[in-house]
Every structure is written in C-alpha cells, then in structure tokens.
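*Asks:* Input final.cif, format and content: mmCIF, C-alpha atoms and all ligand atoms.
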```
data_coords
#
loop_
_atom_site.label_atom_id
_atom_site.label_comp_id
_atom_site.auth_asym_id
_atom_site.auth_seq_id
_atom_site.Cartn_x
_atom_site.Cartn_y
_atom_site.Cartn_z
CA MET A 1 -52.48 -9.69 -17.45
CA ASN A 2 -53.42 -6.59 -19.43
CA ARG A 3 -50.76 -4.59 -17.62
CA ARG A 4 -48.10 -7.11 -18.53
CA ARG A 5 -49.11 -7.10 -22.21
CA THR A 6 -48.94 -3.31 -22.23
CA ALA A 7 -45.52 -3.28 -20.53
CA SER A 8 -44.01 -5.80 -22.91
CA GLY A 9 -45.57 -3.94 -25.86
CA GLY A 10 -43.78 -0.81 -24.60
CA ARG A 11 -40.50 -2.69 -24.39
CA ALA A 12 -40.92 -4.04 -27.91
CA ARG A 13 -41.65 -0.53 -29.21
CA ARG A 14 -38.52 0.84 -27.44
CA TRP A 15 -36.51 -2.04 -28.86
CA ARG A 16 -37.74 -1.33 -32.41
CA ARG A 17 -36.99 2.39 -31.96
CA TRP A 18 -33.49 1.56 -30.78
CA ARG A 19 -32.87 -0.76 -33.76
CA ARG A 20 -34.03 2.01 -36.13
CA TRP A 21 -31.81 4.54 -34.34
CA THR A 22 -28.68 2.37 -34.43
CA SER A 23 -29.23 1.37 -38.07
CA SER A 24 -29.63 4.97 -39.19
CA ARG A 25 -26.51 6.04 -37.25
CA ARG A 26 -24.54 3.17 -38.71
CA ARG A 27 -25.69 4.11 -42.24
CA ARG A 28 -24.35 7.62 -41.59
CA GLY A 29 -21.12 6.19 -40.18
CA ASP A 30 -21.80 7.59 -36.70
CA PRO A 31 -20.70 5.58 -33.64
CA VAL A 32 -23.42 3.94 -31.52
CA SER A 33 -21.30 2.88 -28.56
CA GLY A 34 -18.36 4.03 -26.49
CA ALA A 35 -16.19 1.38 -28.12
CA GLU A 36 -16.97 2.61 -31.61
CA ARG A 37 -16.46 6.21 -30.50
CA SER A 38 -13.02 5.41 -29.12
CA VAL A 39 -11.94 4.42 -32.62
CA VAL A 40 -12.29 8.01 -33.77
CA THR A 41 -11.59 10.00 -30.64
CA VAL A 42 -9.38 9.43 -27.64
CA ARG A 43 -11.03 10.49 -24.42
CA PRO A 44 -8.55 12.12 -22.05
CA ALA A 45 -8.00 10.26 -18.78
CA SER A 46 -10.38 11.55 -16.11
CA SER A 47 -7.63 11.36 -13.45
CA PRO A 48 -4.15 11.38 -14.93
CA HIS A 49 -2.57 10.18 -11.72
CA PRO A 50 -5.36 8.39 -9.96
CA ALA A 51 -5.19 7.92 -6.23
CA GLY A 52 -8.45 6.83 -4.66
CA ALA A 53 -9.68 7.11 -1.12
CA THR A 54 -7.95 4.63 1.14
CA ARG A 55 -7.93 3.79 4.80
CA GLY A 56 -4.17 3.79 5.16
CA PRO A 57 -1.46 6.24 4.29
CA ARG A 58 -0.46 4.39 1.10
CA PRO A 59 -2.40 5.59 -1.98
CA LEU A 60 -4.53 2.98 -3.68
CA LEU A 61 -2.51 3.23 -6.89
CA GLU A 62 0.96 4.62 -7.50
CA VAL A 63 2.01 2.68 -10.57
CA ARG A 64 5.76 2.19 -10.96
CA ARG A 65 5.92 -0.94 -13.12
CA ILE A 66 3.65 -1.98 -15.98
CA TYR A 67 3.99 -5.65 -16.92
CA ALA A 68 2.78 -5.75 -20.49
CA GLU A 69 2.05 -8.28 -23.19
CA GLU A 70 3.31 -6.91 -26.49
CA ALA A 71 -0.10 -7.38 -28.12
CA ALA A 72 -1.65 -5.18 -25.41
CA LEU A 73 0.99 -2.47 -25.66
CA VAL A 74 0.29 -1.79 -29.32
CA LEU A 75 -3.45 -1.30 -28.85
CA PRO A 76 -4.82 2.25 -28.35
CA ARG A 77 -6.05 1.40 -24.84
CA GLY A 78 -2.65 -0.03 -23.93
CA GLN A 79 -1.00 3.16 -25.16
CA GLU A 80 -3.43 5.32 -23.19
CA ILE A 81 -2.69 3.45 -19.97
CA VAL A 82 1.06 3.66 -20.45
CA GLY A 83 0.59 7.39 -21.13
CA ARG A 84 -1.07 7.85 -17.75
CA TRP A 85 2.05 6.72 -15.93
CA PRO A 86 4.90 7.95 -18.17
CA GLU A 87 7.48 7.35 -15.43
CA ALA A 88 6.55 3.68 -14.96
CA GLU A 89 9.02 1.01 -16.05
CA ILE A 90 7.60 -1.27 -18.79
CA VAL A 91 8.34 -4.94 -18.12
CA PRO A 92 7.59 -7.16 -21.16
CA VAL A 93 5.82 -10.42 -20.29
CA ALA A 94 4.75 -13.34 -22.45
CA SER A 95 1.43 -13.81 -20.68
CA HIS A 96 -0.52 -11.88 -18.06
CA TRP A 97 -1.22 -15.28 -16.46
CA GLN A 98 2.37 -16.08 -15.63
CA ILE A 99 4.24 -13.38 -13.76
CA PRO A 100 5.79 -15.26 -10.82
CA GLU A 101 7.05 -12.16 -9.01
CA LEU A 102 3.45 -10.85 -8.84
CA HIS A 103 1.31 -13.93 -8.46
CA GLY A 104 3.35 -16.85 -7.29
CA ASP A 105 5.19 -16.05 -4.12
CA GLU A 106 2.76 -16.64 -1.31
CA ALA A 107 5.56 -16.42 1.26
CA ASN A 108 5.91 -12.74 0.40
CA ALA A 109 2.56 -11.83 1.91
CA TRP A 110 4.06 -8.74 3.52
CA ARG A 111 4.79 -7.28 0.06
CA TRP A 112 1.30 -7.70 -1.36
CA VAL A 113 -0.08 -4.27 -0.66
CA ARG A 114 3.00 -2.69 -2.15
CA ILE A 115 2.64 -4.86 -5.26
CA LYS A 116 -1.06 -3.96 -5.56
CA THR A 117 -0.17 -0.26 -5.34
CA GLU A 118 2.82 -0.18 -7.65
CA ALA A 119 2.23 -2.89 -10.26
CA LEU A 120 -0.19 -2.93 -13.14
CA VAL A 121 -0.53 -5.64 -15.77
CA LEU A 122 -1.59 -5.02 -19.36
CA GLY A 123 -2.97 -8.00 -21.21
CA VAL A 124 -5.29 -9.09 -23.99
CA LYS A 125 -8.45 -11.00 -23.13
CA LYS A 126 -8.29 -14.07 -25.32
CA SER A 127 -11.56 -15.84 -24.72
CA LEU A 128 -14.64 -13.67 -25.14
CA VAL A 129 -17.57 -15.54 -23.68
CA THR A 130 -20.77 -14.29 -22.06
CA ARG A 131 -22.02 -16.88 -19.57
CA PRO A 132 -25.57 -17.31 -18.28
CA ASN A 133 -25.91 -16.63 -14.55
CA GLY A 134 -29.44 -16.17 -13.24
CA ARG A 135 -28.60 -15.04 -9.70
CA SER A 136 -27.26 -11.54 -9.45
CA ALA A 137 -27.39 -11.03 -13.21
CA ASP A 138 -28.81 -12.81 -16.23
CA PHE A 139 -25.36 -12.98 -17.80
CA ILE A 140 -21.71 -12.57 -16.85
CA ALA A 141 -19.95 -10.47 -19.48
CA PRO A 142 -16.29 -11.08 -20.29
CA SER A 143 -14.08 -9.19 -17.82
CA THR A 144 -12.36 -6.00 -18.87
CA ALA A 145 -9.93 -6.51 -15.97
CA ASN A 146 -9.06 -8.98 -13.28
CA GLY A 147 -7.32 -8.57 -9.94
CA CYS A 148 -7.78 -5.71 -7.50
CA ALA A 149 -5.92 -2.93 -5.76
CA MET A 150 -7.90 -3.62 -2.60
CA ALA A 151 -7.26 -6.65 -0.40
CA CYS A 152 -10.36 -8.08 1.27
CA ALA A 153 -9.35 -11.09 3.34
CA TYR A 154 -12.15 -13.31 1.98
CA CYS A 155 -11.75 -12.31 -1.69
CA TYR A 156 -12.11 -15.17 -4.16
CA VAL A 157 -10.63 -13.18 -7.06
CA PRO A 158 -6.96 -14.03 -6.29
CA ARG A 159 -7.58 -17.75 -6.07
CA ARG A 160 -6.89 -18.28 -9.77
CA LYS A 161 -3.86 -16.08 -10.37
CA GLY A 162 -2.16 -15.99 -7.00
CA TYR A 163 -2.60 -13.97 -3.91
CA SER A 164 -1.08 -10.52 -4.38
CA ASN A 165 -2.99 -10.27 -7.66
CA PRO A 166 -2.70 -6.60 -8.72
CA ILE A 167 -4.99 -5.24 -11.43
CA THR A 168 -4.65 -6.70 -14.93
CA VAL A 169 -6.36 -4.48 -17.51
CA PHE A 170 -7.39 -5.89 -20.85
CA ALA A 171 -6.46 -3.55 -23.67
CA ASN A 172 -8.69 -5.14 -26.34
CA ILE A 173 -11.73 -3.26 -25.07
CA GLU A 174 -13.11 -2.69 -28.58
CA GLN A 175 -13.35 -6.45 -29.15
CA ILE A 176 -14.93 -6.96 -25.73
CA THR A 177 -17.49 -4.22 -26.29
CA ARG A 178 -18.36 -5.49 -29.77
CA HIS A 179 -18.86 -8.98 -28.35
CA VAL A 180 -21.22 -7.69 -25.62
CA ALA A 181 -23.12 -5.49 -28.11
CA ARG A 182 -23.71 -8.52 -30.34
CA HIS A 183 -24.87 -10.59 -27.37
CA ILE A 184 -27.34 -7.89 -26.30
CA ALA A 185 -28.70 -7.57 -29.84
CA LYS A 186 -29.14 -11.34 -30.08
CA GLN A 187 -31.31 -11.49 -26.95
CA GLY A 188 -33.88 -8.97 -28.17
CA PRO A 189 -36.24 -7.60 -25.50
CA LYS A 190 -36.71 -9.47 -22.22
CA ARG A 191 -40.18 -11.00 -22.31
CA GLU A 192 -40.63 -12.22 -18.75
CA PRO A 193 -39.54 -10.51 -15.54
CA ASP A 194 -37.10 -12.46 -13.38
CA GLN A 195 -35.37 -11.80 -10.08
CA CYS A 196 -32.47 -10.08 -11.88
CA ASP A 197 -34.74 -7.40 -13.36
CA ALA A 198 -38.34 -6.92 -14.40
CA GLU A 199 -37.61 -5.49 -17.86
CA SER A 200 -33.96 -5.60 -18.86
CA TRP A 201 -31.32 -8.25 -19.37
CA VAL A 202 -28.71 -7.70 -16.67
CA TYR A 203 -25.02 -8.22 -17.45
CA ASP A 204 -22.50 -8.40 -14.61
CA ILE A 205 -19.42 -6.58 -15.89
CA GLY A 206 -17.27 -6.90 -12.76
CA GLU A 207 -16.97 -10.57 -11.90
CA ASN A 208 -13.21 -10.57 -11.41
CA SER A 209 -12.37 -7.05 -10.26
CA ASP A 210 -13.86 -3.90 -8.74
CA CYS A 211 -15.07 -1.69 -11.60
CA SER A 212 -14.97 1.53 -9.54
CA VAL A 213 -11.22 1.09 -9.07
CA ASP A 214 -10.71 -0.15 -12.63
CA ALA A 215 -12.25 3.14 -13.77
CA ARG A 216 -9.30 4.93 -12.14
CA VAL A 217 -6.93 2.99 -14.36
CA SER A 218 -8.55 3.20 -17.79
CA ASP A 219 -11.75 4.03 -19.67
CA ASN A 220 -12.66 0.34 -20.12
CA VAL A 221 -15.53 0.42 -17.64
CA ARG A 222 -16.83 3.67 -19.04
CA ASP A 223 -16.79 2.31 -22.59
CA LEU A 224 -18.87 -0.67 -21.52
CA CYS A 225 -21.25 1.53 -19.53
CA ASP A 226 -21.63 3.78 -22.58
CA LEU A 227 -22.71 0.75 -24.57
CA PHE A 228 -25.41 -0.08 -22.00
CA ARG A 229 -26.44 3.55 -21.83
CA MET A 230 -27.51 3.15 -25.46
CA SER A 231 -29.12 -0.27 -24.93
CA PRO A 232 -32.79 -0.08 -23.94
CA THR A 233 -33.04 -3.85 -23.41
CA ALA A 234 -30.01 -4.37 -21.17
CA LYS A 235 -28.31 -3.07 -18.05
CA ALA A 236 -24.75 -3.32 -16.77
CA SER A 237 -24.27 -4.26 -13.14
CA PHE A 238 -21.30 -4.47 -10.79
CA ALA A 239 -20.68 -4.74 -7.07
CA THR A 240 -18.22 -2.33 -5.52
CA LYS A 241 -16.48 -1.52 -2.26
CA HIS A 242 -14.88 1.65 -3.54
CA VAL A 243 -16.56 5.03 -3.95
CA ASN A 244 -15.30 6.64 -7.16
CA ARG A 245 -17.10 9.93 -7.60
CA ASP A 246 -15.73 10.37 -11.12
CA LEU A 247 -18.54 7.99 -12.13
CA LEU A 248 -21.11 10.62 -11.17
CA GLU A 249 -20.26 12.44 -14.41
CA TRP A 250 -21.13 9.51 -16.69
CA ASP A 251 -24.89 10.08 -17.10
CA PRO A 252 -25.78 6.35 -17.34
CA LEU A 253 -29.51 6.98 -17.95
CA GLY A 254 -30.53 4.22 -15.55
CA ARG A 255 -28.76 1.51 -17.58
CA VAL A 256 -26.03 0.84 -14.98
CA ARG A 257 -26.73 -0.82 -11.66
CA ILE A 258 -24.15 -0.26 -8.96
CA ARG A 259 -24.37 -2.67 -6.04
CA PHE A 260 -22.64 -1.12 -3.05
CA SER A 261 -21.32 -3.93 -0.87
CA LEU A 262 -22.12 -3.41 2.79
CA MET A 263 -21.29 -5.22 6.00
CA PRO A 264 -21.14 -3.97 9.59
CA GLU A 265 -18.34 -1.42 10.01
CA GLU A 266 -16.74 -3.28 12.91
CA THR A 267 -16.32 -6.40 10.76
CA ALA A 268 -15.30 -4.45 7.64
CA ARG A 269 -12.51 -2.77 9.60
CA VAL A 270 -10.93 -6.20 10.02
CA THR A 271 -11.71 -7.85 6.68
CA ASP A 272 -12.15 -5.12 4.01
CA ILE A 273 -8.60 -3.91 3.54
CA ARG A 274 -8.01 -0.72 1.47
CA THR A 275 -11.70 -0.26 0.68
CA SER A 276 -13.84 2.87 1.15
CA SER A 277 -15.37 2.92 4.62
CA ILE A 278 -18.89 1.60 5.04
CA ARG A 279 -20.08 5.07 6.01
CA GLU A 280 -18.65 6.51 2.78
CA ARG A 281 -20.42 3.84 0.72
CA ILE A 282 -23.76 4.54 2.41
CA ALA A 283 -23.29 8.27 1.99
CA ALA A 284 -22.71 7.79 -1.76
CA ILE A 285 -26.03 6.04 -2.46
CA ASP A 286 -28.21 9.14 -2.91
CA ASP A 287 -25.61 10.85 -5.07
CA PHE A 288 -25.38 7.89 -7.44
CA VAL A 289 -29.17 7.61 -7.70
CA GLU A 290 -29.36 11.31 -8.48
CA ALA A 291 -26.66 10.89 -11.14
CA GLY A 292 -28.78 8.34 -13.02
CA TYR A 293 -27.56 5.02 -11.63
CA GLU A 294 -29.74 2.29 -10.29
CA VAL A 295 -28.28 1.57 -6.84
CA HIS A 296 -28.73 -1.76 -5.11
CA LEU A 297 -27.07 -3.25 -2.04
CA ASN A 298 -24.81 -6.27 -2.00
CA LEU A 299 -25.12 -7.45 1.60
CA SER A 300 -22.10 -9.66 1.55
CA PRO A 301 -20.32 -11.53 2.74
CA VAL A 302 -22.42 -12.07 5.83
CA ILE A 303 -19.97 -13.26 8.49
CA LEU A 304 -21.59 -14.83 11.52
CA THR A 305 -19.60 -13.11 14.26
CA PRO A 306 -20.82 -13.37 17.86
CA THR A 307 -22.58 -9.97 17.47
CA TRP A 308 -23.77 -10.23 13.84
CA ARG A 309 -27.48 -9.71 14.61
CA GLU A 310 -26.93 -6.45 16.54
CA ASP A 311 -24.32 -5.27 14.04
CA TRP A 312 -26.54 -5.83 11.00
CA THR A 313 -29.49 -4.21 12.80
CA ARG A 314 -27.40 -1.09 13.42
CA LEU A 315 -26.07 -1.05 9.85
CA LEU A 316 -29.45 -1.37 8.17
CA ARG A 317 -30.95 1.23 10.49
CA GLU A 318 -28.15 3.60 9.45
CA VAL A 319 -28.92 2.99 5.77
CA ASP A 320 -32.61 3.66 6.40
CA ASP A 321 -31.80 6.89 8.28
CA THR A 322 -29.33 8.10 5.63
CA ILE A 323 -30.81 7.52 2.20
CA GLY A 324 -33.65 9.54 0.68
CA PRO A 325 -37.00 8.58 -0.89
CA ALA A 326 -35.63 8.32 -4.46
CA ALA A 327 -33.02 5.76 -3.41
CA LYS A 328 -35.55 3.85 -1.31
CA ALA A 329 -38.04 3.69 -4.17
CA GLN A 330 -35.63 1.63 -6.32
CA LEU A 331 -33.69 -0.21 -3.62
CA LYS A 332 -33.10 -3.95 -3.80
CA ALA A 333 -30.48 -6.20 -2.26
CA GLU A 334 -28.79 -9.54 -2.56
CA VAL A 335 -27.59 -11.41 0.52
CA ILE A 336 -24.66 -13.81 0.36
CA LEU A 337 -23.26 -15.65 3.35
CA LEU A 338 -19.53 -16.12 3.63
CA THR A 339 -17.75 -18.77 1.60
CA HIS A 340 -14.12 -19.35 2.53
CA ASN A 341 -11.29 -21.55 1.37
CA ALA A 342 -8.63 -23.62 3.20
CA ALA A 343 -5.76 -22.45 1.00
CA LEU A 344 -6.74 -18.80 1.45
CA HIS A 345 -7.02 -19.39 5.20
CA ASP A 346 -3.43 -20.70 5.31
CA VAL A 347 -2.14 -17.73 3.34
CA ASN A 348 -4.10 -15.19 5.38
CA LEU A 349 -2.61 -16.56 8.61
CA ARG A 350 0.76 -15.25 7.39
CA TRP A 351 -0.33 -11.66 6.95
CA HIS A 352 -3.68 -11.08 8.63
CA PRO A 353 -4.52 -13.67 11.32
CA ARG A 354 -7.09 -11.38 12.97
CA ALA A 355 -9.34 -11.69 9.94
CA GLU A 356 -9.14 -15.46 10.19
CA ASP A 357 -10.56 -15.31 13.74
CA LEU A 358 -13.77 -14.12 12.03
CA LEU A 359 -13.62 -16.07 8.78
CA TRP A 360 -12.38 -19.51 9.83
CA THR A 361 -14.76 -21.27 12.22
CA PRO A 362 -14.47 -24.95 11.22
CA ASP A 363 -16.78 -26.16 13.99
CA ARG A 364 -19.65 -24.40 12.13
CA GLN A 365 -18.46 -24.73 8.53
CA GLU A 366 -18.65 -27.58 6.04
CA THR A 367 -16.93 -28.38 2.77
CA LYS A 368 -18.60 -27.36 -0.44
CA VAL A 369 -17.44 -28.06 -4.01
CA SER A 370 -18.29 -25.04 -6.11
CA GLU A 371 -19.48 -25.00 -9.74
CA ASN A 372 -15.91 -24.59 -11.02
CA GLY A 373 -14.67 -27.55 -8.94
CA ALA A 374 -12.98 -25.49 -6.19
CA VAL A 375 -13.21 -26.92 -2.69
CA ASN A 376 -14.51 -24.23 -0.36
CA VAL A 377 -16.09 -24.06 3.08
CA ARG A 378 -19.42 -22.49 3.99
CA TYR A 379 -21.62 -22.40 7.07
CA GLU A 380 -23.40 -25.67 7.83
CA ARG A 381 -26.64 -25.98 5.93
CA ALA A 382 -29.03 -25.61 8.90
CA LEU A 383 -27.08 -22.72 10.41
CA LYS A 384 -26.97 -20.97 7.04
CA ALA A 385 -30.70 -21.40 6.45
CA SER A 386 -31.60 -19.97 9.85
CA ALA A 387 -29.13 -17.06 9.46
CA VAL A 388 -30.60 -16.19 6.05
CA ALA A 389 -34.12 -16.21 7.51
CA GLU A 390 -33.03 -14.05 10.45
CA LEU A 391 -31.27 -11.56 8.21
CA ARG A 392 -34.29 -11.34 5.92
CA ALA A 393 -36.36 -10.47 9.00
CA ILE A 394 -33.84 -7.82 10.12
CA VAL A 395 -33.90 -6.22 6.65
CA ALA A 396 -37.72 -6.23 6.62
CA ARG A 397 -37.82 -4.56 10.03
CA GLU A 398 -34.97 -2.04 9.71
CA LEU A 399 -34.97 -1.20 6.00
CA PRO A 400 -38.51 -1.99 4.86
CA SER A 401 -38.13 -0.22 1.51
CA CYS A 402 -35.56 -2.81 0.43
CA THR A 403 -36.66 -5.96 -1.41
CA ILE A 404 -34.26 -8.89 -1.26
CA ARG A 405 -33.71 -10.21 -4.78
CA TYR A 406 -32.07 -13.38 -3.57
CA ALA A 407 -30.27 -14.75 -0.51
CA PHE A 408 -28.06 -17.76 -0.10
S1 LIG A 501 -12.99 -5.23 -3.53
FE1 LIG A 501 -13.81 -7.14 -4.37
S2 LIG A 501 -12.29 -7.77 -5.89
FE2 LIG A 501 -11.30 -6.27 -4.59
S3 LIG A 501 -10.27 -7.43 -2.97
FE3 LIG A 501 -12.29 -6.87 -2.18
S4 LIG A 501 -13.64 -8.60 -2.67
FE4 LIG A 501 -11.78 -8.77 -3.95
#
```
Mind turning the file's structure into structure tokens?

*Replies:*
Amino acid sequence: MNRRRTASGGRARRWRRWRRWTSSRRRRGDPVSGAERSVVTVRPASSPHPAGATRGPRPLLEVRRIYAEEAALVLPRGQEIVGRWPEAEIVPVASHWQIPELHGDEANAWRWVRIKTEALVLGVKKSLVTRPNGRSADFIAPSTANGCAMACAYCYVPRRKGYSNPITVFANIEQITRHVARHIAKQGPKREPDQCDAESWVYDIGENSDCSVDARVSDNVRDLCDLFRMSPTAKASFATKHVNRDLLEWDPLGRVRIRFSLMPEETARVTDIRTSSIRERIAAIDDFVEAGYEVHLNLSPVILTPTWREDWTRLLREVDDTIGPAAKAQLKAEVILLTHNAALHDVNLRWHPRAEDLLWTPDRQETKVSENGAVNVRYERALKASAVAELRAIVARELPSCTIRYAF
C-alpha cells in the first residue's frame, strides 16, 4: 500500500515536472515534440531509397508510382515522400480509399506482390479519433498509415481496402501528432496499474500497418515516437514482423514498446510472406533493448498445426537461449490464437493455397462476429481454451522470464 502511494507520488511529480518543462519551452517558442520540430526543420530521409530485408529476390519497396490525393501532395510530409522517389510517376486520385487498380481486383492475386513493391499511396487522414482498447494497449491512436508491403496470409489489414493493399501514408502527420499530444495531456498520469502497463498509458500506433516498414517510407513513425519520448505518462507501442535497424538510432528513452511477432519458423515460412525471418527478429531483441526500447513479444497468430506444441517449445527455447538478462528482465508477451475469414480464404486459394492448408480447418473452427461486425472464424471455444492453457504452460517452462499480459 505504502509502495503504491510512493510510486504514484513519483509519477505525479514527473508529470508536474513535464508540464513545467513543456510550458516553459512553449513560452520560449521551442518545439516540444517531433511534429512541432518538423514545422521548423526538415529531417533528411534516413534511407533515401529504402529497401528492407526480404526473403525473396524482390526488394520490399521499389516505388514506381505514387497515387496521391492533392491535399496530401501539398503538405510538407507529402513533398518529402515524393522527394524520396523522384523518378516515380505521380497518379492523382480523388480518395486513397478508392483506387480500383490497387485494391479492387481480387482476380489479379498474382500481381499483388508487385503492387506492394511498386505502389505507394499518399492520403490525408480525415477522422482523428483515439479509441479505448484495454487489451494490448489502453488506446488505439489514429493510424499514420494503412496497408503493408508484406503479405502475411492471415492478415486482417487488407479486409477493408482490398487485398493487394500497398502502403498508404498519411501526410497530415502534424495534425495526427497534435491530436495524440492533446489526448495524452488530457489523461494526466495513470493512477492504477493495468495489464497494458503498470505506470504509463499505452497507445498502439500501428493498428493498420507495420510501423517498422512505414519508417522506411517516411518520418511519420519517428515523429510520433518523438512525441512519446517526451511524454512521461505515456508509451507508444506497435507489433512488427520486420527488423528495421534504422530505429536503433532513435533513442526512445523507454517510451516506445516494440512487440516482435513470433511464431514457429516452419509455420512462418508458409504464412509470413516478405517478412524478416523469425531468427532475425529474435536476434534483434537485445539490440533494441540496449537502444532504449521496451521489447515485448507478440506470440501470434497461434496456428494449431499438427506439430504446434513441439514447434512452440523449440521456438521459446531458442528465445530463452538467445536473449540476455536485460531483455529478460523486462520481457512480457501477448498470445493471440488465429482468427481467419471466409472471404480471405477464398482469395488466398488463388495465390497461396499451401497457407490455407494451415489456416482453414473448418472441422475445428466456428463462426465469430467481431466487434466491427465482420464475420470471422476462430478455433472452437473448448479447443481454444485448452490450447491457450497449454501454450501458457509451454511459455512458463521454456521462457520463464516472460510474463503473459493476456491470451485469447
Ligand atoms: S506484417 Fe502485419 S500488417 Fe503486414 S501483412 Fe503481415 S500481418 Fe499484415
């Protein structure tokens, strides 16, 4: 009881210090966040022609066409992005939501990877809303991008826009960052620990994309992380399947939580298309902890293959053997069993039927209507409950330093 009062007193003191610090900087006209700084200086692109690690011969990004809303093109961030690929053709579009040649043609499954590599969309995020969450994070911040250059077979991100779904970057980053800064300020200090975090409000900043790849396209993710870096009451958080070592230079001061997504390598080879290998993700953990990130694990999606127990045992043992004491001391994980979708199953059969052998097992799956009304399938309730319990036991045995924040 005493300890808790002392801890929350410390948080309140830090919060008051931060308020004093930001007010005095504002009085002097100095910027207090990355977004404000970008008004007065333009940070050069960290990788002018980004090309991330991939599994195949095709680079992750080789942008040839930029589909752009006019309102996005005139903003400084839009200009910066266009400047990174000066040879790219600019294709004007009325709305980033309606580009049939990118999103609509499901019969062209064979062209998707090429579209993901060569096309980029520039848009303006119209609705700026921070939603409560309570599972992985306390809040979901408005996206700074949606879509992805990778192509995981189970990915839910393309379900709204269409299945090739290359990256759309939102150029109004200053508005987005100001919105998030206001939301953080309004919360004040966190008074009670919850499963998201003991001390800080956690904001998921990557609900609809992979921030590590987005950071190869623009400084949007860095600007948001800079805001959290200066926010003693809040943390940014995102899950990723891509190792982008440029992020090691950002000095996030513990205010950014990266959740490396892991699954057994033999399953990932079939389902995680264009991602960094599982071994590369595990090998990155210590480096990111050393660089000032909080690093958690996103054990997801858990796919109940015939050998899942042995495969997860081997994977977690490898993590335990690889990471050092500093990473273990702060390690936590979330566990999420596979959710799939009948429409995605039909589309996947056209381009990647092998993945569907693992993902689509209707004799063990049942229909589930999600919060947004989508009709999905998940493992039957009893099977799911026993698999969660078994996986919890495997984590406790093979990676005992890791607490599970939640599992479902
Ligand atoms: S990395 Fe994430 S956002 Fe990208 S395709 Fe895979 S699951 Fe979807």

*Asks:* Could you tell me which of A:Ala343, A:Pro362, A:Trp312, A:Glu356 comes closest to Ala374 of chain A if we count only C-alpha atoms?

*Replies:*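 Of A:Ala343, A:Pro362, A:Trp312, A:Glu356, the one nearest Ala374 of chain A is A:Ala343, counting only C-alpha atoms.
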
*Asks:* Using only C-alpha atoms, which of the listed residues (A:Leu358, A:Val91, A:Ala396, A:Tyr203) sits closest to His345 of chain A?

*Replies:*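 Comparing A:Leu358, A:Val91, A:Ala396, A:Tyr203 against His345 of chain A, the winner is A:Leu358.
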
*Asks:* Measuring atom to atom with only C-alpha atoms and all ligand atoms, identify which of A:Ile273, A:Leu315, A:Ala329, A:Val302 is nearest to ligand LIG 501 (chain A).

*Replies:* A:Ile273

*Asks:* Step by step, measure atom-to-atom distances between ligand LIG 501 (chain A) and each residue using only C-alpha atoms and all ligand atoms, keep those at most 6 Å, then write them as a ChimeraX atom specification.

*Replies:* /A:148,150-152,155,157,209-210,241

*Asks:* For Arg64 of chain A, find every residue with an atom within 9 Å (counting only C-alpha atoms), except residues of its own chain fewer than 6 positions away, and show them as number ranges by chain.

*Replies:* A: 85, 87-90, 117-120

*Asks:* Export, as an mmCIF file, in the frame of the given file, the selected residues with C-alpha atoms.

*Replies:*
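What follows is the written file result_17.cif:
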```cif
data_model
loop_
_atom_site.group_PDB
_atom_site.id
_atom_site.type_symbol
_atom_site.label_atom_id
_atom_site.label_comp_id
_atom_site.auth_asym_id
_atom_site.auth_seq_id
_atom_site.Cartn_x
_atom_site.Cartn_y
_atom_site.Cartn_z
ATOM 1 C CA TRP A 85 2.050 6.720 -15.930
ATOM 2 C CA GLU A 87 7.480 7.350 -15.430
ATOM 3 C CA ALA A 88 6.550 3.680 -14.960
ATOM 4 C CA GLU A 89 9.020 1.010 -16.050
ATOM 5 C CA ILE A 90 7.600 -1.270 -18.790
ATOM 6 C CA THR A 117 -0.170 -0.260 -5.340
ATOM 7 C CA GLU A 118 2.820 -0.180 -7.650
ATOM 8 C CA ALA A 119 2.230 -2.890 -10.260
ATOM 9 C CA LEU A 120 -0.190 -2.930 -13.140
#
```

*Asks:* Hey, which of A:Val169, A:Ile99, A:Ala141, A:Leu304 ends up closest to Gly123 of chain A? Count only C-alpha atoms.

*Replies:* A:Val169

*Asks:* So which residues touch Gly78 of chain A within 6 Å, counting all atoms listed in the file, skipping near sequence neighbours fewer than 5 positions away, as a list in words?

*Replies:*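 Skipping anything fewer than 5 positions along the chain leaves Ala72, Leu73 and Ala171 of chain A.
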
*Asks:* For the atom pair atom CA of Val93 of chain A and atom CA of Glu69 of chain A, what is the interatomic distance in Å to one decimal place?

*Replies:*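 Atom-to-atom, atom CA of Val93 of chain A and atom CA of Glu69 of chain A are spaced 5.2 Å apart.
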
*Asks:* Would you mind reading off the distance between atom CA of Asp287 of chain A and atom CA of Ser261 of chain A, one decimal, in Å?

*Replies:*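 Computed distance, atom CA of Asp287 of chain A to atom CA of Ser261 of chain A, equals 16.0 Å.
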
*Asks:* Find the residue from A:Ser200, A:Asn146, A:Ser401, A:Ser237 that sits nearest to Asp321 of chain A; use all atoms listed in the file when measuring.

*Replies:*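 Among A:Ser200, A:Asn146, A:Ser401, A:Ser237, it is A:Ser401 that comes nearest to Asp321 of chain A.
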
*Asks:* Which residues of segment 249-308 of chain A sit at most 12 Å from segment 193-199 of chain A, using only C-alpha atoms? Give each one's shortest atom pair and distance in Å (one decimal place), in chain and ascending residue order, as a Markdown table.

*Replies:*
```
| residue | atom | partner | partner_atom | distance |
| --- | --- | --- | --- | --- |
| A:Arg255 | CA | A:Glu199 | CA | 11.3 |
| A:Arg257 | CA | A:Asp197 | CA | 10.5 |
| A:Glu294 | CA | A:Asp197 | CA | 11.3 |
| A:His296 | CA | A:Cys196 | CA | 11.4 |
```
